[in-house]
Amino acid sequence: MAELYLVEFKGSRKEFFFNRYYHALTLNSYVIVEVERGEELGYLKKKIETEVSFGEGNHPRSILRPAGSEDAARWEYLRDQEEGYKYEVIDIISRHGLPMKVVDVECQFDGNKMTVFFTADHRVDFRELVKDLAARYRMRIELRQIGVRDEARRLGGYGICGREQCCNSFIRNFEPISTQHAREQDLPLNPSKISGNCGRLLCCLRYRPTCTAK
């Protein structure tokens, strides 16, 4: 059985991948992985030693190779390009008069796809926008609406505890949180004390009472 690894991408997105080609891999280094319709560069976060159950049709793809110096240079180039693309996309959205807030723009490593992450109060009909973006950038365009917690995760930052946001460090899935979690820890129900950068209740209320200050 091929080794299983957890790989992290921009925006703290994490996925499992198999080392089916039996490369000599080093943790905390970059690798090129197989994704839908292309390749992506990710950070080799962790080797999985325990058995993981995957749903039908949800089996991990493969690690294609360790990233080399040319791959790293291309990755840096794309990150710089994305900053310019973001402002261009914001301008195009404004011309379409769409009520959207662009959070981030991410280009796939092989240049075949651009994903625009945005927030909006309601559903947005962006079909014409997608056509304009595809014509301008000559790549497949995906517009993905995200919530405020996902926005905080993509932007990154530190919590009131002074540590990196939990959603950027180890949380993979957001779980429901209520003020009852704060009451059980005898914490004040002051929004400034128990809210994260996303404006929602702190994720750590579920499991780490030492993160919050009374």
# chains A, B, ... in the order shown; residues from 1 in each chain; ligands from 1

call {"tool": "residues_around", "arguments": {"residues": "stretch 37-39 of chain A", "least_positions_apart": "6", "cutoff": "10 Å", "atoms": "only C-alpha atoms", "output": "compact mmCIF listing (two decimals) with N, CA and C atoms, in the first residue's frame"}}
result
# COMPACT_ATOMS: atom_id res chain seq x y z
N ILE A 63 0.73 11.97 -5.45
CA ILE A 63 1.86 12.91 -5.46
C ILE A 63 2.70 12.58 -6.68
N LEU A 64 2.87 13.55 -7.56
CA LEU A 64 3.57 13.29 -8.82
C LEU A 64 5.09 13.35 -8.68
N GLN A 108 -4.21 27.89 -10.51
CA GLN A 108 -3.67 26.54 -10.44
C GLN A 108 -2.24 26.54 -10.96
N PHE A 109 -1.41 25.69 -10.40
CA PHE A 109 0.02 25.68 -10.70
C PHE A 109 0.31 25.54 -12.19
N ASP A 110 -0.48 24.74 -12.90
CA ASP A 110 -0.22 24.52 -14.32
C ASP A 110 -0.83 25.60 -15.20
N GLY A 111 -1.50 26.59 -14.61
CA GLY A 111 -2.05 27.70 -15.38
C GLY A 111 -3.33 27.40 -16.12
N ASN A 112 -3.95 26.25 -15.81
CA ASN A 112 -5.17 25.88 -16.52
C ASN A 112 -6.45 26.42 -15.89
N LYS A 113 -6.35 26.92 -14.67
CA LYS A 113 -7.57 27.30 -13.95
C LYS A 113 -7.32 28.47 -13.01

call {"tool": "select_by_dssp", "arguments": {"residues": "stretch 8-58 of chain A", "states": "strand (DSSP E)", "output": "list in words"}}
result
Glu8, Lys14, Glu15, Phe16, Phe17, Phe18, Tyr30, Val31, Ile32, Val33, Glu34, Val35, Gly38, Glu39, Glu40, Leu41, Gly42, Tyr43, Leu44, Lys45, Lys46, Lys47 and Ile48 of chain A

call {"tool": "residues_around", "arguments": {"residues": "stretch 114-117 of chain A", "least_positions_apart": "6", "cutoff": "7 Å", "atoms": "only C-alpha atoms", "output": "PyMOL selection string"}}
result
chain A and resi 102-108+139-146

call {"tool": "write_last_selection", "arguments": {"atoms": "C-alpha atoms", "output": "tab-separated table (two decimals), in the first residue's frame"}}
result
chain	number	residue	atom	x	y	z
A	102	VAL	CA	-13.59	39.33	-3.75
A	103	VAL	CA	-11.62	37.63	-0.98
A	104	ASP	CA	-8.87	35.97	-2.98
A	105	VAL	CA	-7.79	34.84	-6.43
A	106	GLU	CA	-5.93	31.57	-6.84
A	107	CYS	CA	-4.28	30.24	-10.00
A	108	GLN	CA	-3.67	26.54	-10.44
A	139	MET	CA	-8.13	29.73	-18.63
A	140	ARG	CA	-10.94	27.85	-16.91
A	141	ILE	CA	-12.70	30.10	-14.40
A	142	GLU	CA	-14.36	28.99	-11.18
A	143	LEU	CA	-16.21	31.43	-8.92
A	144	ARG	CA	-16.64	30.04	-5.42
A	145	GLN	CA	-18.84	31.71	-2.82
A	146	ILE	CA	-17.53	31.21	0.72

call {"tool": "closest_residue", "arguments": {"among": "A:Leu6, A:Val31, A:Leu202, A:Ile177", "to": "A:Gly68", "atoms": "only C-alpha atoms"}}
result
A:Val31

call {"tool": "closest_residue", "arguments": {"among": "A:Ile32, A:Arg149, A:His23, A:Arg13", "to": "A:Ser169", "atoms": "only C-alpha atoms"}}
result
A:Arg13

call {"tool": "residues_around", "arguments": {"residues": "stretch 150-165 of chain A", "least_positions_apart": "2", "cutoff": "10 Å", "atoms": "only C-alpha atoms", "output": "number ranges by chain"}}
result
A: 10-13, 102-104, 117-119, 145-148, 167-171, 174, 192-199, 202-204, 210-213

call {"tool": "write_last_selection", "arguments": {"atoms": "C-alpha atoms", "output": "compact mmCIF listing (two decimals), in the first residue's frame"}}
result
# COMPACT_ATOMS: atom_id res chain seq x y z
CA LYS A 10 -2.85 28.18 -0.31
CA GLY A 11 -5.67 29.29 1.96
CA SER A 12 -4.97 26.46 4.45
CA ARG A 13 -6.86 23.98 2.28
CA VAL A 102 -13.59 39.33 -3.75
CA VAL A 103 -11.62 37.63 -0.98
CA ASP A 104 -8.87 35.97 -2.98
CA PHE A 117 -13.24 33.27 -3.90
CA PHE A 118 -15.92 35.76 -2.90
CA THR A 119 -18.53 36.55 -0.29
CA GLN A 145 -18.84 31.71 -2.82
CA ILE A 146 -17.53 31.21 0.72
CA GLY A 147 -18.68 32.12 4.22
CA VAL A 148 -17.06 34.49 6.70
CA CYS A 167 -8.60 27.40 11.18
CA ASN A 168 -5.14 28.07 9.73
CA SER A 169 -3.27 25.64 11.94
CA PHE A 170 -5.13 22.37 12.39
CA ILE A 171 -8.91 22.59 11.93
CA PHE A 174 -15.84 23.88 10.84
CA SER A 192 -15.33 41.03 21.85
CA LYS A 193 -14.09 38.28 24.17
CA ILE A 194 -15.57 35.24 22.46
CA SER A 195 -15.59 36.22 18.76
CA GLY A 196 -12.88 35.50 16.22
CA ASN A 197 -11.58 37.59 13.32
CA CYS A 198 -14.50 36.30 11.25
CA GLY A 199 -17.00 37.89 13.64
CA LEU A 202 -14.36 31.37 18.48
CA CYS A 203 -13.72 27.86 17.18
CA CYS A 204 -11.66 27.13 20.29
CA THR A 210 -7.30 28.43 27.64
CA CYS A 211 -7.45 30.35 24.33
CA THR A 212 -10.01 32.81 25.65
CA ALA A 213 -9.52 35.47 28.30

call {"tool": "atom_distance", "arguments": {"atom1": "atom CA of A:Ala73", "atom2": "atom CA of A:Val33"}}
result
16.6 Å

call {"tool": "select_by_dssp", "arguments": {"residues": "stretch 167-200 of chain A", "states": "helix (DSSP H, G or I)", "output": "PyMOL selection string"}}
result
chain A and resi 167-169+179-184+191-194

call {"tool": "write_last_selection", "arguments": {"atoms": "N, CA and C atoms", "output": "JSON list (two decimals), in the first residue's frame"}}
result
[["chain", "number", "residue", "atom", "x", "y", "z"],
["A", 167, "CYS", "N", -8.21, 27.84, 12.52],
["A", 167, "CYS", "CA", -8.60, 27.40, 11.18],
["A", 167, "CYS", "C", -7.42, 27.38, 10.22],
["A", 168, "ASN", "N", -6.33, 28.08, 10.56],
["A", 168, "ASN", "CA", -5.14, 28.07, 9.73],
["A", 168, "ASN", "C", -4.12, 27.05, 10.19],
["A", 169, "SER", "N", -4.28, 26.53, 11.40],
["A", 169, "SER", "CA", -3.27, 25.64, 11.94],
["A", 169, "SER", "C", -3.65, 24.17, 11.87],
["A", 179, "THR", "N", -23.22, 29.77, 22.15],
["A", 179, "THR", "CA", -22.82, 30.44, 23.39],
["A", 179, "THR", "C", -22.84, 29.48, 24.57],
["A", 180, "GLN", "N", -23.51, 28.35, 24.43],
["A", 180, "GLN", "CA", -23.52, 27.36, 25.51],
["A", 180, "GLN", "C", -22.11, 26.87, 25.82],
["A", 181, "HIS", "N", -21.27, 26.81, 24.77],
["A", 181, "HIS", "CA", -19.88, 26.40, 25.00],
["A", 181, "HIS", "C", -19.17, 27.40, 25.91],
["A", 182, "ALA", "N", -19.47, 28.69, 25.75],
["A", 182, "ALA", "CA", -18.87, 29.71, 26.61],
["A", 182, "ALA", "C", -19.44, 29.62, 28.02],
["A", 183, "ARG", "N", -20.72, 29.40, 28.15],
["A", 183, "ARG", "CA", -21.35, 29.29, 29.48],
["A", 183, "ARG", "C", -20.76, 28.13, 30.27],
["A", 184, "GLU", "N", -20.54, 27.02, 29.60],
["A", 184, "GLU", "CA", -19.99, 25.84, 30.28],
["A", 184, "GLU", "C", -18.59, 26.09, 30.83],
["A", 191, "PRO", "N", -19.20, 39.81, 23.21],
["A", 191, "PRO", "CA", -18.80, 39.45, 21.85],
["A", 191, "PRO", "C", -17.32, 39.69, 21.56],
["A", 192, "SER", "N", -16.74, 40.74, 22.12],
["A", 192, "SER", "CA", -15.33, 41.03, 21.85],
["A", 192, "SER", "C", -14.40, 40.00, 22.49],
["A", 193, "LYS", "N", -14.91, 39.28, 23.49],
["A", 193, "LYS", "CA", -14.09, 38.28, 24.17],
["A", 193, "LYS", "C", -14.21, 36.89, 23.56],
["A", 194, "ILE", "N", -15.33, 36.62, 22.93],
["A", 194, "ILE", "CA", -15.57, 35.24, 22.46],
["A", 194, "ILE", "C", -15.79, 35.16, 20.95]]

call {"tool": "atom_distance", "arguments": {"atom1": "atom CA of A:Tyr207", "atom2": "atom CA of A:Lys45"}}
result
22.6 Å

call {"tool": "residues_around", "arguments": {"residues": "A:Ile93", "least_positions_apart": "5", "cutoff": "8 Å", "atoms": "only C-alpha atoms", "output": "list in words"}}
result
Leu98, Met100 and Leu129 of chain A

call {"tool": "write_last_selection", "arguments": {"atoms": "C-alpha atoms", "output": "tab-separated table (two decimals), in the first residue's frame"}}
result
chain	number	residue	atom	x	y	z
A	98	LEU	CA	-22.54	42.58	-9.07
A	100	MET	CA	-19.77	40.55	-4.57
A	129	LEU	CA	-18.88	37.56	-15.54

call {"tool": "residues_around", "arguments": {"residues": "A:Ala2", "least_positions_apart": "4", "cutoff": "9 Å", "atoms": "only C-alpha atoms", "output": "ChimeraX atom specification"}}
result
/A:18-22

call {"tool": "write_last_selection", "arguments": {"atoms": "N, CA and C atoms", "output": "mmCIF file, in the first residue's frame"}}
result
data_model
loop_
_atom_site.group_PDB
_atom_site.id
_atom_site.type_symbol
_atom_site.label_atom_id
_atom_site.label_comp_id
_atom_site.auth_asym_id
_atom_site.auth_seq_id
_atom_site.Cartn_x
_atom_site.Cartn_y
_atom_site.Cartn_z
ATOM 1 N N PHE A 18 -1.775 10.017 -2.070
ATOM 2 C CA PHE A 18 -0.949 8.819 -1.970
ATOM 3 C C PHE A 18 0.382 9.030 -2.690
ATOM 4 N N ASN A 19 1.433 8.447 -2.127
ATOM 5 C CA ASN A 19 2.746 8.437 -2.776
ATOM 6 C C ASN A 19 2.844 7.172 -3.630
ATOM 7 N N ARG A 20 2.025 7.119 -4.667
ATOM 8 C CA ARG A 20 1.917 5.908 -5.495
ATOM 9 C C ARG A 20 3.175 5.639 -6.318
ATOM 10 N N TYR A 21 3.980 6.680 -6.549
ATOM 11 C CA TYR A 21 5.191 6.492 -7.353
ATOM 12 C C TYR A 21 6.431 6.306 -6.473
ATOM 13 N N TYR A 22 6.214 6.201 -5.173
ATOM 14 C CA TYR A 22 7.265 5.875 -4.204
ATOM 15 C C TYR A 22 8.465 6.812 -4.282
#

call {"tool": "closest_residue", "arguments": {"among": "A:Lys14, A:His122, A:Arg200, A:Arg206", "to": "A:Gln185", "atoms": "only C-alpha atoms"}}
result
A:Arg206

call {"tool": "atom_distance", "arguments": {"atom1": "atom CA of A:Val52", "atom2": "atom CA of A:Glu175"}}
result
20.0 Å

call {"tool": "decode", "arguments": {"residues": "stretch 159-200 of chain A", "atoms": "N, CA and C atoms", "output": "short mmCIF file (atom, residue, chain, number, x, y, z; two decimals), in the first residue's frame"}}
result
data_model
loop_
_atom_site.label_atom_id
_atom_site.label_comp_id
_atom_site.auth_asym_id
_atom_site.auth_seq_id
_atom_site.Cartn_x
_atom_site.Cartn_y
_atom_site.Cartn_z
N GLY A 159 -5.41 35.04 16.57
CA GLY A 159 -6.55 35.21 17.46
C GLY A 159 -6.22 36.10 18.64
N ILE A 160 -7.21 36.31 19.51
CA ILE A 160 -7.00 37.15 20.69
C ILE A 160 -6.03 36.50 21.67
N CYS A 161 -5.77 35.20 21.49
CA CYS A 161 -4.82 34.50 22.33
C CYS A 161 -3.38 34.78 21.90
N GLY A 162 -3.20 35.41 20.73
CA GLY A 162 -1.86 35.66 20.22
C GLY A 162 -1.32 34.55 19.36
N ARG A 163 -2.10 33.47 19.19
CA ARG A 163 -1.67 32.35 18.37
C ARG A 163 -2.29 32.44 16.98
N GLU A 164 -1.70 31.68 16.06
CA GLU A 164 -2.28 31.60 14.73
C GLU A 164 -3.71 31.07 14.82
N GLN A 165 -4.60 31.59 13.99
CA GLN A 165 -5.98 31.14 14.00
C GLN A 165 -6.04 29.61 13.91
N CYS A 166 -6.95 29.03 14.69
CA CYS A 166 -7.10 27.57 14.68
C CYS A 166 -7.42 27.07 13.27
N CYS A 167 -8.21 27.84 12.52
CA CYS A 167 -8.60 27.40 11.18
C CYS A 167 -7.42 27.38 10.22
N ASN A 168 -6.33 28.08 10.56
CA ASN A 168 -5.14 28.07 9.73
C ASN A 168 -4.12 27.05 10.19
N SER A 169 -4.28 26.53 11.40
CA SER A 169 -3.27 25.64 11.94
C SER A 169 -3.65 24.17 11.87
N PHE A 170 -4.83 23.81 12.37
CA PHE A 170 -5.13 22.37 12.39
C PHE A 170 -6.58 22.00 12.11
N ILE A 171 -7.51 22.93 12.19
CA ILE A 171 -8.91 22.59 11.93
C ILE A 171 -9.12 22.31 10.45
N ARG A 172 -9.73 21.19 10.13
CA ARG A 172 -10.02 20.86 8.73
C ARG A 172 -11.46 21.17 8.38
N ASN A 173 -12.38 20.97 9.33
CA ASN A 173 -13.80 21.21 9.09
C ASN A 173 -14.37 22.07 10.21
N PHE A 174 -15.20 23.03 9.85
CA PHE A 174 -15.84 23.88 10.84
C PHE A 174 -17.01 23.14 11.49
N GLU A 175 -17.04 23.17 12.83
CA GLU A 175 -18.12 22.53 13.58
C GLU A 175 -19.04 23.61 14.17
N PRO A 176 -20.31 23.26 14.41
CA PRO A 176 -21.24 24.23 15.02
C PRO A 176 -20.76 24.67 16.41
N ILE A 177 -20.90 25.95 16.70
CA ILE A 177 -20.50 26.51 17.99
C ILE A 177 -21.65 27.38 18.50
N SER A 178 -21.91 27.33 19.79
CA SER A 178 -22.98 28.15 20.38
C SER A 178 -22.46 28.81 21.65
N THR A 179 -23.22 29.77 22.15
CA THR A 179 -22.82 30.44 23.39
C THR A 179 -22.84 29.48 24.57
N GLN A 180 -23.51 28.35 24.43
CA GLN A 180 -23.52 27.36 25.51
C GLN A 180 -22.11 26.87 25.82
N HIS A 181 -21.27 26.81 24.77
CA HIS A 181 -19.88 26.40 25.00
C HIS A 181 -19.17 27.40 25.91
N ALA A 182 -19.47 28.69 25.75
CA ALA A 182 -18.87 29.71 26.61
C ALA A 182 -19.44 29.62 28.02
N ARG A 183 -20.72 29.40 28.15
CA ARG A 183 -21.35 29.29 29.48
C ARG A 183 -20.76 28.13 30.27
N GLU A 184 -20.54 27.02 29.60
CA GLU A 184 -19.99 25.84 30.28
C GLU A 184 -18.59 26.09 30.83
N GLN A 185 -17.89 27.07 30.24
CA GLN A 185 -16.54 27.41 30.70
C GLN A 185 -16.53 28.65 31.58
N ASP A 186 -17.75 29.14 31.94
CA ASP A 186 -17.89 30.31 32.80
C ASP A 186 -17.20 31.53 32.20
N LEU A 187 -17.35 31.69 30.88
CA LEU A 187 -16.75 32.84 30.20
C LEU A 187 -17.79 33.94 30.03
N PRO A 188 -17.36 35.20 30.04
CA PRO A 188 -18.30 36.30 29.84
C PRO A 188 -18.87 36.28 28.42
N LEU A 189 -20.14 36.56 28.28
CA LEU A 189 -20.78 36.55 26.96
C LEU A 189 -20.60 37.90 26.26
N ASN A 190 -19.40 38.40 26.32
CA ASN A 190 -19.03 39.66 25.66
C ASN A 190 -18.52 39.32 24.27
N PRO A 191 -19.20 39.81 23.21
CA PRO A 191 -18.80 39.45 21.85
C PRO A 191 -17.32 39.69 21.56
N SER A 192 -16.74 40.74 22.12
CA SER A 192 -15.33 41.03 21.85
C SER A 192 -14.40 40.00 22.49
N LYS A 193 -14.91 39.28 23.49
CA LYS A 193 -14.09 38.28 24.17
C LYS A 193 -14.21 36.89 23.56
N ILE A 194 -15.33 36.62 22.93
CA ILE A 194 -15.57 35.24 22.46
C ILE A 194 -15.79 35.16 20.95
N SER A 195 -15.45 36.23 20.23
CA SER A 195 -15.59 36.22 18.76
C SER A 195 -14.22 36.23 18.10
N GLY A 196 -14.13 35.54 16.97
CA GLY A 196 -12.88 35.50 16.22
C GLY A 196 -12.79 36.60 15.19
N ASN A 197 -11.76 36.57 14.36
CA ASN A 197 -11.58 37.59 13.32
C ASN A 197 -12.69 37.56 12.29
N CYS A 198 -13.39 36.42 12.20
CA CYS A 198 -14.50 36.30 11.25
C CYS A 198 -15.78 36.93 11.77
N GLY A 199 -15.79 37.32 13.05
CA GLY A 199 -17.00 37.89 13.64
C GLY A 199 -17.92 36.84 14.22
N ARG A 200 -17.59 35.57 14.06
CA ARG A 200 -18.37 34.47 14.62
C ARG A 200 -17.72 33.99 15.91
#
